[in-house]
2 protein chains.
Amino acid sequence: MNARALVNGVVSESLDVGDRGLQFGDGLFETMARVAGCVRRLEMHLARLRGGCERLGIEYPGDDLLKSEIARLGSEPGRAVIKLIVTRGVSARGYAASAGAPTRVLGLHPWPQHPRDASSAGVAIRFCDLRLPDQPALAGLKHLNRLEQVLARREWQDPAIAEGLMCDARGNVVCGTMSNVFVAREGKLVTPSMDRAGVRGTLRETVLQRARAMGVAVVETDDVSRADILRADELFLTNAIIGVWPVRQLEDRQWIPGALTRRLIAAIETVPSA
Amino acid sequence: MNARALVNGVVSESLDVGDRGLQFGDGLFETMARVAGCVRRLEMHLARLRGGCERLGIEYPGDDLLKSEIARLGSEPGRAVIKLIVTRGVSARGYAASAGAPTRVLGLHPWPQHPRDASSAGVAIRFCDLRLPDQPALAGLKHLNRLEQVLARREWQDPAIAEGLMCDARGNVVCGTMSNVFVAREGKLVTPSMDRAGVRGTLRETVLQRARAMGVAVVETDDVSRADILRADELFLTNAIIGVWPVRQLEDRQWIPGALTRRLIAAIETVPSA
């Protein structure tokens with residue numbers, strides 16, 4: 001019998017209320033695609049988590065332990081989402097209180113119900129009003145302080161809108177609520193830098209690697225305006241679960257999935273469509 | 001037998017790992033002083049919590065329910081800290097997933113060990129390096145996204161330093177990691193506004209009320225520079241647990257607790273010293 005949830009290696013769905021993950025959002029997470037029993041880009045996820053733990057001063061639980069616990073969630077055929085949370089652990093009240101060992105929370109989740117043709121036909125998206133401020137101390141990390149994303153995602157209910165783009169205080173685009181964004185223009189691939197805000201997605205890194213390997217010029221910059229987005233020859237979103245979603249509509253602009261987007265989709269080991 | 005922890009009214013110290021408080025920091029908290037069986041400024045705490053729930057779109061559990069649960073933590077003599085967390089509740093994975101009822105986590109904690117003479121002799125403090133960015137959508141709220149405070153508090157270990165002041169991106173002072181800050185200068189009382197960042201503390205509100213009642217001019221502004229802090233005639237910190245702490249040292253500047261600070265301490269129903 002495979003576990004559906006493990007807390008510190010024990011089959012459980014409950015957490016100590018003194019855990020700093022709850023108290024302060026003092027931790028990190030990874031959301032991983034498991035397809036046909038295999039976790040996609042597992043090494044990249046663990047490397048990002050290890051790097052995040054180093055930046056926050058949280059003890060990294062170790063690749064071997066995490067891999068053995070992920071294996072205990074089973075290897076059924078089909079698709080599933082594995083979410084791994086690592087927090088600084090349980091402590092007394094107060095920011096300064098020293099925690100014990102870090103806490104590991106692993107959960108197996110159903111594959112989300114996204115539009116069947118999202119990867120082929122593209123998705124409709126919007127701009128969000130809520131701004132992401134610059135915070136270099138946390139930029140790039142997939143940390144547990146996600147209220148801004150929660151609030152941005154609450155700005156729309158229309159199920160036809162698949163994602164919302166978030167801007168920084170200057171009005172430049174940073175990312176989607178749950179995805180990274182790429183602009184193709186005049187043969188170049190442009191994406192926000194993640195140095196001031198946003199999450200450095202694992203699939204974002206893979207797309208950058210593949211594009212460079214194809215000889216495509218890649219630019220990471222903090223100056224992607226809304227106008228740049230709307231002027232894009234091609235526009236697409238990435239995350240570890242959705243893979244690559246071409247954007248087909250944003251405000252008055254429409255696109256059909258472009259040649260570079262399709263080449264990148266083909267070059268990436270994405271999750272097969274349902 | 002009084003409870004030490006209640007989760008949704010049940011004696012428990014464990015939380016569902018699917019709770020959005022852990023997953024996203026999607027919630028709020030209050031930290032309250034209970035002295036001789038009585039929770040100080042309970043109505044103010046609940047009013048702030050209700051206001052925060054309205055801003056985040058979280059269903060407020062209601063004064064009567066929260067008061068009855070707080071009462072179940074008992075009314076022993078002496079001092080204790082009551083921490084109340086309200087989250088959006090348990091949901092499936094994803095920012096957009098709709099949660100059920102909000103989650104209530106109540107805990108009874110020992111009174112912290114602060115220097116005995118902090119309220120009379122004052123405390124030594126420092127400036128933190130980590131900057132608090134402007135985020136009007138969350139400013140003023142006591143929400144669960146506290147990684148910035150955790151990281152700022154990790155900047156020093158010296159137990160002689162009681163608190164660190166945090167600045168915004170322009171270098172103006174916003175608050176302490178766990179407190180609000182007040183500057184007295186030329187008879188006026190100045191404090192950062194909490195409109196762009198920081199927590200609108202309950203004792204901060206009380207101090208502002210008392211000062212106005214004394215006829216002291218009060219200024220709430222986003223332009224309190226480090227120089228303004230170091231030029232202060234008097235400088236003090238507030239929070240619901242520590243009460244009012246005069247500052248006696250910051251960098252090269254030293255103070256003795258001033259007349260206005262002492263008048264305000266006398267005017268506020270503070271927690272008696274040990």
# chains A, B, ... in the order shown; residues from 1 in each chain; ligands from 1

$ interface_residues --of "chain A" --to "chain B" --cutoff "8 Å" --atoms "only C-alpha atoms" --output "PyMOL selection string"
chain A and resi 13-18+21-26+56+93+95-96+105+109+130-135+137+144-147+149-151+153-154

$ select_by_dssp --residues "region 96-197 of chain A" --states "alpha helix (DSSP H)" --output "list of chain:residue names"
A:Ala118, A:Ser119, A:Ser120, A:Ala121, A:Leu147, A:Glu148, A:Gln149, A:Val150, A:Leu151, A:Ala152, A:Arg153

$ write_last_selection --atoms "N, CA, C and O atoms" --output "compact mmCIF listing (two decimals), in the first residue's frame"
# COMPACT_ATOMS: atom_id res chain seq x y z
N ALA A 118 -4.82 22.74 -24.24
CA ALA A 118 -4.03 23.90 -23.80
C ALA A 118 -2.65 23.92 -24.47
O ALA A 118 -2.18 24.97 -24.90
N SER A 119 -2.01 22.76 -24.57
CA SER A 119 -0.65 22.72 -25.11
C SER A 119 -0.63 22.86 -26.63
O SER A 119 0.37 23.29 -27.19
N SER A 120 -1.71 22.50 -27.28
CA SER A 120 -1.72 22.58 -28.74
C SER A 120 -2.37 23.88 -29.23
O SER A 120 -1.80 24.57 -30.08
N ALA A 121 -3.51 24.23 -28.68
CA ALA A 121 -4.23 25.41 -29.17
C ALA A 121 -3.87 26.67 -28.40
O ALA A 121 -4.09 27.79 -28.89
N LEU A 147 0.79 34.62 -0.32
CA LEU A 147 -0.47 35.39 -0.25
C LEU A 147 -0.66 36.26 -1.48
O LEU A 147 -1.80 36.48 -1.92
N GLU A 148 0.42 36.79 -2.03
CA GLU A 148 0.27 37.64 -3.22
C GLU A 148 -0.29 36.84 -4.39
O GLU A 148 -1.15 37.33 -5.13
N GLN A 149 0.18 35.60 -4.54
CA GLN A 149 -0.34 34.77 -5.63
C GLN A 149 -1.80 34.40 -5.37
O GLN A 149 -2.62 34.36 -6.29
N VAL A 150 -2.11 34.12 -4.10
CA VAL A 150 -3.51 33.80 -3.75
C VAL A 150 -4.41 34.98 -4.10
O VAL A 150 -5.47 34.81 -4.72
N LEU A 151 -4.00 36.18 -3.71
CA LEU A 151 -4.84 37.36 -3.98
C LEU A 151 -4.93 37.64 -5.48
O LEU A 151 -6.00 37.98 -6.00
N ALA A 152 -3.83 37.49 -6.20
CA ALA A 152 -3.87 37.72 -7.64
C ALA A 152 -4.80 36.72 -8.32
O ALA A 152 -5.58 37.07 -9.21
N ARG A 153 -4.76 35.47 -7.87
CA ARG A 153 -5.61 34.44 -8.48
C ARG A 153 -7.09 34.67 -8.17
O ARG A 153 -7.97 34.19 -8.88

$ closest_residue --among "B:Gly198, B:Gly122, B:Gly215, B:Gly140" --to "Glu234 (chain B)" --atoms "only C-alpha atoms"
B:Gly122

$ select_by_dssp --residues "region 48-100 of chain A" --states "strand (DSSP E or B)" --output "short mmCIF file (atom, residue, chain, number, x, y, z; two decimals) with all heavy atoms, in the first residue's frame"
data_model
loop_
_atom_site.label_atom_id
_atom_site.label_comp_id
_atom_site.auth_asym_id
_atom_site.auth_seq_id
_atom_site.Cartn_x
_atom_site.Cartn_y
_atom_site.Cartn_z
N ARG A 79 -0.77 9.84 -14.43
CA ARG A 79 -0.13 11.09 -14.03
C ARG A 79 -0.58 11.50 -12.64
O ARG A 79 -1.74 11.32 -12.27
CB ARG A 79 -0.50 12.21 -15.01
CG ARG A 79 -0.14 11.88 -16.45
CD ARG A 79 -0.49 13.00 -17.39
NE ARG A 79 -1.90 13.31 -17.39
CZ ARG A 79 -2.46 14.22 -18.18
NH1 ARG A 79 -1.71 14.90 -19.03
NH2 ARG A 79 -3.75 14.45 -18.12
N ALA A 80 0.34 12.06 -11.88
CA ALA A 80 0.01 12.56 -10.55
C ALA A 80 0.94 13.73 -10.24
O ALA A 80 1.97 13.91 -10.89
CB ALA A 80 0.18 11.46 -9.50
N VAL A 81 0.54 14.52 -9.26
CA VAL A 81 1.36 15.64 -8.79
C VAL A 81 1.91 15.28 -7.42
O VAL A 81 1.18 14.80 -6.55
CB VAL A 81 0.52 16.93 -8.70
CG1 VAL A 81 1.33 18.06 -8.08
CG2 VAL A 81 0.00 17.33 -10.08
N ILE A 82 3.20 15.50 -7.23
CA ILE A 82 3.82 15.33 -5.92
C ILE A 82 4.23 16.71 -5.41
O ILE A 82 4.96 17.43 -6.09
CB ILE A 82 5.04 14.39 -6.00
CG1 ILE A 82 4.56 12.96 -6.32
CG2 ILE A 82 5.83 14.42 -4.69
CD1 ILE A 82 5.69 11.97 -6.50
N LYS A 83 3.71 17.06 -4.26
CA LYS A 83 4.11 18.34 -3.66
C LYS A 83 4.92 18.05 -2.41
O LYS A 83 4.50 17.29 -1.55
CB LYS A 83 2.88 19.19 -3.32
CG LYS A 83 3.24 20.56 -2.75
CD LYS A 83 2.07 21.54 -2.75
CE LYS A 83 2.45 22.85 -2.06
NZ LYS A 83 1.36 23.85 -2.09
N LEU A 84 6.10 18.64 -2.36
CA LEU A 84 7.02 18.46 -1.23
C LEU A 84 7.22 19.81 -0.56
O LEU A 84 7.57 20.79 -1.22
CB LEU A 84 8.37 17.94 -1.75
CG LEU A 84 9.56 17.99 -0.79
CD1 LEU A 84 9.33 17.14 0.46
CD2 LEU A 84 10.84 17.54 -1.50
N ILE A 85 6.96 19.86 0.73
CA ILE A 85 7.20 21.07 1.52
C ILE A 85 8.32 20.78 2.51
O ILE A 85 8.32 19.71 3.14
CB ILE A 85 5.93 21.49 2.30
CG1 ILE A 85 4.80 21.89 1.34
CG2 ILE A 85 6.22 22.63 3.28
CD1 ILE A 85 3.46 22.16 2.02
N VAL A 86 9.27 21.69 2.63
CA VAL A 86 10.29 21.59 3.69
C VAL A 86 10.24 22.89 4.49
O VAL A 86 10.37 23.98 3.92
CB VAL A 86 11.70 21.38 3.11
CG1 VAL A 86 12.76 21.48 4.20
CG2 VAL A 86 11.78 20.01 2.43
N THR A 87 10.01 22.78 5.78
CA THR A 87 9.97 23.97 6.64
C THR A 87 11.14 23.95 7.62
O THR A 87 11.84 22.94 7.76
CB THR A 87 8.67 24.05 7.48
OG1 THR A 87 8.79 23.22 8.64
CG2 THR A 87 7.45 23.62 6.67
N VAL A 90 9.57 22.77 13.88
CA VAL A 90 8.75 23.23 15.01
C VAL A 90 9.63 24.07 15.93
O VAL A 90 10.77 23.73 16.19
CB VAL A 90 8.18 22.03 15.78
CG1 VAL A 90 7.42 22.48 17.02
CG2 VAL A 90 7.28 21.20 14.87
#

$ residues_around --residues "Leu73 (chain A)" --least-positions-apart "4" --cutoff "8 Å" --atoms "only C-alpha atoms" --output "VMD selection string"
chain A and resid 2 to 5 69 107 to 108

$ atom_distance --atom1 "CA of Cys38 (chain B)" --atom2 "CA of Ser75 (chain B)"
6.8 Å
